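What's in run21.tsv: TSV, C-alpha atoms
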```tsv
chain	number	residue	atom	x	y	z
C	99	MET	CA	307.56	98.78	190.43
C	100	SER	CA	304.23	98.71	192.19
C	101	LEU	CA	300.99	100.56	192.23
C	102	ASN	CA	300.14	102.87	195.09
C	103	GLN	CA	297.39	100.89	196.72
C	104	SER	CA	296.07	104.05	198.41
C	105	LEU	CA	294.89	105.51	195.11
C	106	PRO	CA	291.16	105.34	194.37
C	107	LEU	CA	290.19	102.11	192.66
C	108	ASP	CA	286.97	103.30	191.03
C	109	SER	CA	288.21	106.12	188.79
C	110	PRO	CA	291.26	106.97	186.66
C	111	HIS	CA	293.91	109.10	188.37
C	112	VAL	CA	296.03	111.74	186.60
C	113	ALA	CA	298.76	113.17	188.84
C	114	SER	CA	299.16	116.93	189.24
C	115	SER	CA	302.02	117.05	186.73
C	116	GLY	CA	300.75	114.25	184.52
C	117	VAL	CA	299.32	115.34	181.17
C	118	VAL	CA	296.66	113.79	178.93
C	119	LEU	CA	296.38	115.32	175.45
C	120	GLY	CA	293.24	114.24	173.62
C	121	LEU	CA	290.74	111.57	174.64
C	122	LEU	CA	292.09	108.76	176.81
C	123	ARG	CA	289.98	105.61	177.07
C	124	ALA	CA	290.65	104.77	180.70
C	125	GLY	CA	289.78	101.80	182.88
C	126	PRO	CA	288.89	102.06	186.57
C	127	GLY	CA	291.86	102.68	188.84
C	128	CYS	CA	294.38	103.36	186.09
C	129	VAL	CA	297.15	105.89	186.83
C	130	VAL	CA	299.00	108.53	184.82
C	131	ALA	CA	301.78	109.45	187.25
C	132	GLN	CA	303.85	112.58	187.84
C	133	GLY	CA	305.43	113.92	184.66
C	134	ALA	CA	303.89	111.24	182.45
C	135	VAL	CA	302.40	112.31	179.12
C	136	VAL	CA	299.68	110.58	177.10
C	137	ARG	CA	299.01	111.87	173.58
C	138	THR	CA	295.78	110.29	172.37
C	139	PRO	CA	294.07	112.06	169.45
C	140	GLY	CA	290.60	110.67	168.83
C	141	GLY	CA	290.87	108.11	171.64
C	142	ALA	CA	293.97	106.41	170.21
C	143	VAL	CA	295.24	105.27	173.64
C	144	GLU	CA	293.48	102.75	175.89
C	145	LEU	CA	294.81	102.27	179.44
C	146	GLY	CA	293.20	99.27	181.11
C	147	ALA	CA	291.81	98.91	184.62
C	148	GLY	CA	294.43	99.10	187.35
C	149	SER	CA	297.27	99.86	184.92
C	150	ALA	CA	299.87	102.59	185.45
C	151	LEU	CA	302.17	104.75	183.35
C	152	LEU	CA	304.68	105.79	185.98
C	153	GLU	CA	306.80	108.93	186.33
C	154	ASN	CA	307.97	110.65	183.12
C	155	GLY	CA	306.57	107.88	180.92
C	156	VAL	CA	305.17	108.66	177.46
C	157	ALA	CA	302.33	106.92	175.58
C	158	ILE	CA	301.47	108.03	172.04
C	159	GLY	CA	298.75	106.59	169.84
C	160	THR	CA	297.67	107.57	166.35
C	161	ALA	CA	294.73	106.59	164.17
C	162	ASP	CA	296.93	104.13	162.26
C	163	ALA	CA	298.89	102.91	165.29
C	164	PRO	CA	296.80	103.04	168.48
C	165	VAL	CA	298.05	102.02	171.92
C	166	SER	CA	296.17	99.27	173.73
C	167	ILE	CA	297.22	98.43	177.30
C	168	GLY	CA	295.47	95.66	179.19
C	169	GLN	CA	294.61	95.34	182.87
C	170	LYS	CA	297.07	95.66	185.78
C	171	VAL	CA	300.03	96.53	183.57
C	172	VAL	CA	302.78	98.69	185.07
C	173	PHE	CA	305.17	100.77	182.96
C	174	GLY	CA	308.21	101.80	185.00
C	175	HIS	CA	309.77	105.25	185.10
C	176	ARG	CA	310.63	106.91	181.75
C	177	CYS	CA	309.09	104.19	179.61
C	178	VAL	CA	307.94	105.03	176.08
C	179	VAL	CA	305.11	103.20	174.30
C	180	ILE	CA	304.16	104.21	170.76
C	181	GLY	CA	301.50	102.39	168.77
C	182	ALA	CA	301.91	99.11	170.67
C	183	ALA	CA	299.58	96.54	172.25
C	184	VAL	CA	300.32	95.17	175.72
C	185	GLY	CA	298.50	92.24	177.31
C	186	ASP	CA	297.19	92.01	180.86
C	187	LEU	CA	299.52	91.73	183.87
C	188	CYS	CA	302.71	92.77	182.09
C	189	GLU	CA	305.58	94.32	184.06
C	190	ILE	CA	307.61	96.79	181.96
C	191	GLY	CA	311.04	97.76	183.33
C	192	ASN	CA	312.17	101.36	183.76
C	193	GLY	CA	313.29	103.08	180.57
C	194	SER	CA	311.85	100.46	178.22
C	195	VAL	CA	310.69	101.43	174.72
C	196	LEU	CA	307.88	99.75	172.77
C	197	LEU	CA	307.59	100.83	169.14
C	198	ALA	CA	304.74	100.85	166.64
C	199	GLY	CA	303.14	97.55	165.80
C	200	SER	CA	304.82	95.63	168.62
C	201	ARG	CA	302.68	93.30	170.72
C	202	LEU	CA	303.27	91.79	174.14
C	203	GLY	CA	301.27	88.78	175.24
C	204	ARG	CA	299.71	88.42	178.67
C	205	GLY	CA	302.03	88.32	181.67
C	206	CYS	CA	305.30	89.37	180.01
C	207	ILE	CA	308.20	90.86	181.99
C	208	LEU	CA	310.59	93.34	180.37
C	209	GLY	CA	313.94	94.12	181.97
C	210	GLU	CA	315.02	97.71	182.45
C	211	GLY	CA	315.93	99.52	179.26
C	212	THR	CA	314.47	96.89	176.94
C	213	LEU	CA	313.67	98.05	173.40
C	214	VAL	CA	310.95	96.20	171.48
C	215	PRO	CA	311.35	96.96	167.75
C	216	PRO	CA	308.47	97.83	165.42
C	217	GLY	CA	306.23	94.92	164.51
C	218	THR	CA	307.69	92.51	167.08
C	219	SER	CA	305.33	89.96	168.60
C	220	VAL	CA	306.28	88.62	172.05
C	221	PRO	CA	304.56	85.41	173.29
C	222	GLU	CA	302.75	85.50	176.62
C	223	GLU	CA	304.75	85.03	179.83
C	224	SER	CA	308.08	85.82	178.16
C	225	VAL	CA	310.96	87.48	180.00
C	226	VAL	CA	312.56	89.93	177.57
C	227	VAL	CA	315.79	91.93	177.90
C	228	GLY	CA	318.16	93.91	175.68
C	229	ARG	CA	318.29	96.45	172.85
C	230	PRO	CA	316.76	95.03	170.72
C	231	GLY	CA	314.79	92.91	173.15
C	232	ARG	CA	315.11	89.14	173.09
C	233	ALA	CA	313.19	86.54	175.05
C	234	VAL	CA	315.60	84.82	177.45
C	235	ARG	CA	313.18	82.53	179.27
C	236	ARG	CA	309.62	81.92	180.35
C	237	VAL	CA	308.03	83.39	183.46
C	238	ASN	CA	308.47	81.01	186.41
C	239	ASP	CA	306.66	80.47	189.72
C	240	ALA	CA	308.93	82.95	191.54
C	241	ASP	CA	308.06	85.61	188.95
C	242	ARG	CA	304.36	84.92	189.38
C	243	ALA	CA	304.64	85.16	193.16
C	244	ARG	CA	306.44	88.50	192.88
C	245	LEU	CA	303.81	89.81	190.46
C	246	LEU	CA	301.09	88.78	192.92
C	247	ARG	CA	302.82	90.77	195.70
C	248	LEU	CA	303.25	93.82	193.47
C	249	ARG	CA	299.55	93.74	192.56
C	250	GLY	CA	298.47	93.69	196.20
C	251	GLY	CA	297.65	89.99	196.22
C	252	ASP	CA	295.03	90.35	193.47
C	253	VAL	CA	295.72	89.38	189.86
C	254	SER	CA	292.09	88.81	188.97
C	255	LEU	CA	290.84	90.41	185.76
C	256	PRO	CA	287.18	91.35	186.25
C	257	PRO	CA	285.18	92.89	183.39
C	258	TYR	CA	284.96	96.68	183.30
C	259	LEU	CA	283.87	99.60	181.18
C	260	LEU	CA	286.28	102.13	179.73
C	261	GLN	CA	285.70	105.76	180.71
C	262	PRO	CA	286.39	108.67	178.37
C	263	LEU	CA	288.93	110.98	180.00
C	264	SER	CA	289.32	114.15	177.94
C	265	GLY	CA	291.26	117.37	178.29
C	266	SER	CA	289.85	120.80	178.89
C	267	MET	CA	292.47	123.25	177.61
C	268	PRO	CA	293.77	123.76	174.06
C	269	ALA	CA	297.30	122.44	173.67
C	270	GLY	CA	299.86	125.20	174.03
C	271	ALA	CA	297.40	127.71	175.45
C	272	ALA	CA	299.71	128.70	178.30
C	273	MET	CA	302.82	128.82	176.06
C	274	GLY	CA	305.00	126.90	178.48
C	275	ARG	CA	307.16	128.19	181.29
C	276	VAL	CA	310.07	130.45	180.38
C	277	TYR	CA	312.82	131.38	182.84
C	278	ALA	CA	315.72	133.84	182.68
C	279	PHE	CA	319.12	132.77	183.98
C	280	LEU	CA	321.40	135.60	185.11
C	281	ASP	CA	321.33	138.01	182.17
C	282	LYS	CA	320.12	135.42	179.64
C	283	GLU	CA	316.47	135.06	178.66
C	284	PRO	CA	314.92	132.68	176.09
C	285	ARG	CA	313.92	134.19	172.75
C	286	ILE	CA	311.03	132.33	171.15
C	287	ASP	CA	309.49	133.17	167.81
C	288	GLN	CA	305.83	134.13	168.14
C	289	SER	CA	304.81	131.43	165.65
C	290	ALA	CA	306.31	128.64	167.77
C	291	VAL	CA	303.96	126.45	169.82
C	292	LEU	CA	304.93	125.47	173.36
C	293	PHE	CA	302.80	122.99	175.25
C	294	ASP	CA	302.10	124.44	178.65
C	295	SER	CA	304.18	121.92	180.64
C	296	ALA	CA	307.32	122.67	178.59
C	297	GLU	CA	310.06	124.60	180.41
C	298	ILE	CA	312.78	126.71	178.77
C	299	THR	CA	315.60	128.35	180.67
C	300	GLY	CA	318.37	130.81	179.84
C	301	ASP	CA	320.25	131.30	176.57
C	302	VAL	CA	317.83	129.56	174.21
C	303	ARG	CA	316.57	130.72	170.81
C	304	ILE	CA	313.67	128.95	169.12
C	305	GLY	CA	312.83	129.69	165.51
C	306	PRO	CA	309.60	130.07	163.55
C	307	GLY	CA	307.12	127.22	163.27
C	308	CYS	CA	308.64	125.07	166.01
C	309	ILE	CA	306.61	122.74	168.23
C	310	ILE	CA	307.87	122.14	171.77
C	311	GLY	CA	305.94	119.25	173.31
C	312	ALA	CA	304.56	118.50	176.75
C	313	GLY	CA	307.14	118.00	179.48
C	314	VAL	CA	310.11	119.11	177.34
C	315	LYS	CA	313.04	120.72	179.22
C	316	ILE	CA	315.45	123.00	177.31
C	317	ILE	CA	318.21	124.36	179.53
C	318	GLY	CA	320.58	127.03	178.26
C	319	ASP	CA	322.01	128.21	181.56
C	320	SER	CA	325.53	129.58	182.11
C	321	HIS	CA	327.04	126.66	180.21
C	322	GLY	CA	326.30	127.96	176.71
C	323	PRO	CA	323.75	128.69	173.99
C	324	VAL	CA	320.98	126.49	172.61
C	325	ARG	CA	319.95	127.34	169.05
C	326	VAL	CA	316.85	125.76	167.52
C	327	GLY	CA	316.11	126.49	163.85
C	328	GLU	CA	312.81	126.69	161.97
C	329	ARG	CA	310.05	124.04	161.95
C	330	VAL	CA	311.80	121.91	164.57
C	331	GLN	CA	309.81	119.51	166.74
C	332	ILE	CA	310.99	118.57	170.23
C	333	LEU	CA	308.49	116.09	171.58
C	334	GLU	CA	307.21	114.76	174.89
C	335	ASN	CA	309.63	114.68	177.84
C	336	ALA	CA	312.74	115.24	175.72
C	337	VAL	CA	315.61	117.03	177.49
C	338	LEU	CA	318.13	119.42	175.89
C	339	HIS	CA	321.18	120.59	177.84
C	340	LEU	CA	324.93	121.10	177.38
C	341	LEU	CA	328.31	121.24	179.12
C	342	PRO	CA	330.35	124.41	179.72
C	343	ASP	CA	332.02	126.12	176.72
C	344	ASN	CA	329.82	124.23	174.29
C	345	GLU	CA	326.75	124.87	172.17
C	346	LEU	CA	323.71	122.90	171.13
C	347	VAL	CA	322.39	123.42	167.59
C	348	LEU	CA	319.33	121.89	165.94
C	349	GLU	CA	319.09	122.96	162.31
C	350	ASP	CA	315.82	123.53	160.43
C	351	GLY	CA	313.29	120.70	160.23
C	352	VAL	CA	314.86	118.45	162.87
C	353	VAL	CA	312.48	116.17	164.78
C	354	ILE	CA	313.45	115.07	168.29
C	355	GLY	CA	311.41	112.12	169.51
C	356	PRO	CA	309.79	111.59	172.90
C	357	SER	CA	312.12	111.04	175.87
C	358	ALA	CA	315.26	111.73	173.84
C	359	MET	CA	318.29	113.27	175.57
C	360	ILE	CA	320.17	115.82	173.44
C	361	HIS	CA	323.35	117.18	175.02
C	362	GLY	CA	325.67	119.79	173.53
C	363	CYS	CA	325.72	118.44	169.97
C	364	HIS	CA	325.04	119.62	166.40
C	365	ILE	CA	322.18	117.95	164.51
C	366	GLY	CA	321.83	118.71	160.81
C	367	ARG	CA	318.83	119.89	158.82
C	368	GLY	CA	315.92	117.47	158.46
C	369	THR	CA	317.35	114.78	160.73
C	370	ILE	CA	315.03	112.52	162.75
C	371	VAL	CA	316.08	111.49	166.27
C	372	GLU	CA	313.77	108.68	167.30
C	373	PRO	CA	312.28	108.10	170.78
C	374	ALA	CA	314.59	107.60	173.77
C	375	ALA	CA	317.78	108.15	171.77
C	376	ILE	CA	320.74	109.88	173.45
C	377	VAL	CA	323.06	112.22	171.54
C	378	CYS	CA	326.08	113.26	173.61
C	379	ASP	CA	328.32	116.32	173.80
C	380	ASN	CA	330.48	117.48	170.89
C	381	SER	CA	328.94	114.94	168.51
C	382	VAL	CA	327.72	115.85	165.01
C	383	VAL	CA	324.91	114.15	163.09
C	384	GLY	CA	324.73	115.20	159.44
C	385	GLU	CA	321.66	116.50	157.70
C	386	GLU	CA	318.72	114.26	156.69
C	387	SER	CA	319.90	111.39	158.88
C	388	ILE	CA	318.03	109.04	161.23
C	389	VAL	CA	319.14	108.24	164.77
C	390	ARG	CA	317.22	105.11	165.68
C	391	ALA	CA	315.18	104.66	168.85
C	392	GLY	CA	317.27	103.99	171.93
C	393	ALA	CA	320.58	104.68	170.16
C	394	LEU	CA	323.50	106.16	172.09
C	395	VAL	CA	325.64	108.58	170.06
C	396	LYS	CA	328.87	108.90	172.02
C	397	GLN	CA	330.77	112.11	172.75
C	398	ARG	CA	332.67	113.49	169.74
C	399	ALA	CA	331.09	110.99	167.32
C	400	ARG	CA	330.74	112.19	163.73
C	401	PHE	CA	328.19	110.98	161.18
C	402	PRO	CA	327.75	112.21	157.58
C	403	SER	CA	324.57	113.33	155.85
C	404	ARG	CA	321.81	110.74	155.35
C	405	ALA	CA	323.36	108.31	157.80
C	406	ILE	CA	321.29	105.61	159.50
C	407	VAL	CA	322.63	105.55	163.05
C	408	GLU	CA	321.82	102.72	165.42
C	409	GLY	CA	323.15	100.85	168.43
C	410	HIS	CA	324.37	101.30	171.97
C	411	PRO	CA	326.95	102.75	171.34
C	412	ALA	CA	325.76	103.89	167.95
C	413	ASP	CA	327.39	103.25	164.60
C	414	GLN	CA	326.37	103.96	161.02
C	415	VAL	CA	324.47	100.92	159.75
C	416	GLY	CA	323.33	102.29	156.41
C	417	THR	CA	322.73	105.28	154.16
C	418	LEU	CA	319.40	106.81	153.14
C	419	ASP	CA	318.61	107.34	149.46
C	420	GLY	CA	316.71	110.55	150.22
C	421	PRO	CA	315.38	112.68	153.06
C	422	PRO	CA	313.77	110.65	155.86
C	423	LEU	CA	310.00	110.61	156.04
C	424	VAL	CA	308.34	112.47	158.89
C	425	PRO	CA	307.51	109.70	161.39
C	426	PRO	CA	303.87	108.99	162.28
C	427	TRP	CA	304.52	109.84	165.96
C	428	ALA	CA	305.54	113.39	165.02
C	429	LEU	CA	303.07	116.25	165.40
C	430	ARG	CA	301.61	118.21	162.54
C	431	ARG	CA	300.22	121.70	162.88
C	432	ALA	CA	296.79	120.37	161.95
C	433	ASP	CA	296.98	117.96	164.91
C	434	LEU	CA	297.19	120.74	167.46
C	435	ALA	CA	293.56	121.77	167.10
C	436	THR	CA	292.43	118.20	167.85
C	437	LEU	CA	294.32	117.93	171.13
C	438	SER	CA	293.04	119.16	174.43
C	439	ARG	CA	294.75	118.85	177.74
C	440	ARG	CA	294.00	117.40	181.13
C	441	ARG	CA	296.38	117.67	184.05
```
Here is a file; write its structure as structure tokens.
Amino acid sequence: MSLNQSLPLDSPHVASSGVVLGLLRAGPGCVVAQGAVVRTPGGAVELGAGSALLENGVAIGTADAPVSIGQKVVFGHRCVVIGAAVGDLCEIGNGSVLLAGSRLGRGCILGEGTLVPPGTSVPEESVVVGRPGRAVRRVNDADRARLLRLRGGDVSLPPYLLQPLSGSMPAGAAMGRVYAFLDKEPRIDQSAVLFDSAEITGDVRIGPGCIIGAGVKIIGDSHGPVRVGERVQILENAVLHLLPDNELVLEDGVVIGPSAMIHGCHIGRGTIVEPAAIVCDNSVVGEESIVRAGALVKQRARFPSRAIVEGHPADQVGTLDGPPLVPPWALRRADLATLSRRR
């Protein structure tokens, strides 16, 4: 991972397909790359000078769990950061996930696909790998030399002022992009909200009160139908697809977290699928369950109602006493009026 040194160094840069929802507090020279999404109501995300959220990354802050990213930090492709704090000069591997309340000290390196659980504190200059992440060693001189090369020979941290970078279009104003495939055309209830960078193709039905977030892709082409119930949320950069002779069903009240991959499965009413989880073809997750962040539900897996599902591959690790709470990173209808968009 490296920053494009040709980008302007004196102002934040949002790529043509990057999206900022809300008010981003941005340092000089920071980058929101192609397909990346930042959701920052009330200035809940700070991206420091010279830092980058690379392609298809997601950063989500809330009033209770803001995101704070220091200077010259690079998040690799498809990273997710929710309510976390990251120190200066960190290098975050592709596909890594940082969850609410986690903190990385200055100069940390995360291997690809690392998951940092909620509330975890990582000391400075740690090398962290795994799901969940564990520190395997300290940064060494070779690591520091590589970081210096990737930062263009300059790892200085001069003082700077944050700039407010705000959107200019109400979220969902363009109602996404909808495409027919052969004789199949999406059918979307008029009360559903689609963020304008969402794309929906083919044999897809979306029920009343749904929210389809920025960068979401729902593909119901010749392979089979996608059926989304009422009050379902499918959030930033999630992808829904399926194999031939299959179907994909999300029952009422399901919440699909940012960067999740949902493929030809059946997910029961009120279930929460946390960020960056993968649910594979012909699997079934019972109602009012939780699929934990980064979990991999294998093909043809079966889980009962109120299951707590975790791991890579996933297994049932517990049972809920009642319906899961709506997570703080989910969207509420009242939130939509507070978000504006910049792309």
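The spacing separating CA of Val395 (chain C) from CA of Leu348 (chain C) amounts to 15.3 Å.
Residue nearest Arg431 (chain C) within the list C:Gly191, C:Pro342, C:Gly362, C:Gly307: C:Gly307 [criterion: smallest interatomic distance, only C-alpha atoms].
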Do you know which residues lie at most 7 Å from (303.5, 110.8, 179.7), with coordinates as in the file and only C-alpha atoms counted, and could you write them as a list in words?
Gly116, Val117, Gly133, Ala134, Val135, Val136, Asn154, Gly155, Val156 and Ala157 of chain C
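Proximity ranking of C:Ser264, C:Gln288, C:Ser381, C:Thr369 relative to Ser403 (chain C) places C:Thr369 first, based on only C-alpha atoms.
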Tell me, in Å to one decimal, how far CA of Val347 (chain C) is from CA of Val195 (chain C).
25.9 Å
Which of these, C:Asp379, C:Asp162, C:Asp294, C:Glu283, has the shortest distance to Leu119 (chain C) once you count only C-alpha atoms?
C:Asp294
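The closest residue to Val314 (chain C), picked from C:Pro402, C:Gly300, C:Pro356, C:Pro426 and counting only C-alpha atoms, is C:Pro356.
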Give me the residues within 7 Å of Pro215 (chain C) as a CSV table (one decimal) with C-alpha atoms, in the frame of the given file, counting all atoms listed in the file and dropping any in the same chain fewer than 5 places off.
```csv
chain,number,residue,atom,x,y,z
C,196,LEU,CA,307.9,99.8,172.8
C,197,LEU,CA,307.6,100.8,169.1
C,200,SER,CA,304.8,95.6,168.6
C,230,PRO,CA,316.8,95.0,170.7
```
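Counting from CA of Glu223 (chain C), the distance to CA of Thr138 (chain C) is 27.8 Å.
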Name the residues in contact with Val383 (chain C) at a cut-off of 12 Å, using only C-alpha atoms, excluding same-chain residues fewer than 4 positions from it; report them as a PyMOL selection string.
chain C and resi 346-349+352+360+362-371+376-379+387-389+395-407+412-414
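Between Arg123 (chain C) and the residues C:Thr212, C:Ser166, C:Gln261, C:Thr218, the shortest atom-to-atom distance, using only C-alpha atoms, involves C:Gln261.
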Dig up all the protein and nucleic acid residues within 7 Å of (322.0, 126.8, 178.0) in the file frame, using all atoms listed in the file, and format them as an MDAnalysis selection string.
chainID C and resid 300:302 317:324 339:340
Taking C-alpha atoms for each residue, export the selection above as a PDB file, in the coordinates of the input.
```pdb
ATOM      1  CA  GLY C 300     318.370 130.810 179.840  1.00  0.00           C
ATOM      2  CA  ASP C 301     320.250 131.300 176.570  1.00  0.00           C
ATOM      3  CA  VAL C 302     317.830 129.560 174.210  1.00  0.00           C
ATOM      4  CA  ILE C 317     318.210 124.360 179.530  1.00  0.00           C
ATOM      5  CA  GLY C 318     320.580 127.030 178.260  1.00  0.00           C
ATOM      6  CA  ASP C 319     322.010 128.210 181.560  1.00  0.00           C
ATOM      7  CA  SER C 320     325.530 129.580 182.110  1.00  0.00           C
ATOM      8  CA  HIS C 321     327.040 126.660 180.210  1.00  0.00           C
ATOM      9  CA  GLY C 322     326.300 127.960 176.710  1.00  0.00           C
ATOM     10  CA  PRO C 323     323.750 128.690 173.990  1.00  0.00           C
ATOM     11  CA  VAL C 324     320.980 126.490 172.610  1.00  0.00           C
ATOM     12  CA  HIS C 339     321.180 120.590 177.840  1.00  0.00           C
ATOM     13  CA  LEU C 340     324.930 121.100 177.380  1.00  0.00           C
TER      14      LEU C 340
END
```
Counting all atoms listed in the file, the residue among C:Leu213, C:Ala432, C:Leu292, C:Leu246 that lies closest to Gly409 (chain C) is C:Leu213
List as a ChimeraX atom specification the protein and nucleic acid residues near region 127-132 of chain C, meaning an atom at most 10 Å away when only C-alpha atoms are counted, but skip any in the same chain fewer than 6 places from it.
/C:101-103,105-118,145-157,169-172,175,441
Enclose all atoms of region 327-344 of chain C listed in the file in an axis-aligned box, grow every side by 6 Å, and hand back centre and edge lengths in Å to one decimal, as JSON.
```
{"center_x": 319.6, "center_y": 120.7, "center_z": 170.8, "size_x": 36.8, "size_y": 24.0, "size_z": 29.8}
```
Any idea what's packed within 9 Å of Ala183 (chain C), counting only C-alpha atoms, ignoring anything in its chain fewer than 2 positions away? Could you give it as a PyMOL selection string?
chain C and resi 164-168+179+181+185+196+198-203
Please write the residues from the selection above to a file, keeping C-alpha atoms, as a CSV table (one decimal), keeping the file's coordinate frame.
```csv
chain,number,residue,atom,x,y,z
C,164,PRO,CA,296.8,103.0,168.5
C,165,VAL,CA,298.0,102.0,171.9
C,166,SER,CA,296.2,99.3,173.7
C,167,ILE,CA,297.2,98.4,177.3
C,168,GLY,CA,295.5,95.7,179.2
C,179,VAL,CA,305.1,103.2,174.3
C,181,GLY,CA,301.5,102.4,168.8
C,185,GLY,CA,298.5,92.2,177.3
C,196,LEU,CA,307.9,99.8,172.8
C,198,ALA,CA,304.7,100.8,166.6
C,199,GLY,CA,303.1,97.6,165.8
C,200,SER,CA,304.8,95.6,168.6
C,201,ARG,CA,302.7,93.3,170.7
C,202,LEU,CA,303.3,91.8,174.1
C,203,GLY,CA,301.3,88.8,175.2
```
Applying 6 Å and only C-alpha atoms, which residues near Ala290 (chain C) remain after dropping the ones on its own chain fewer than 4 positions away? List them as a VMD selection string.
chain C and resid 306 to 309
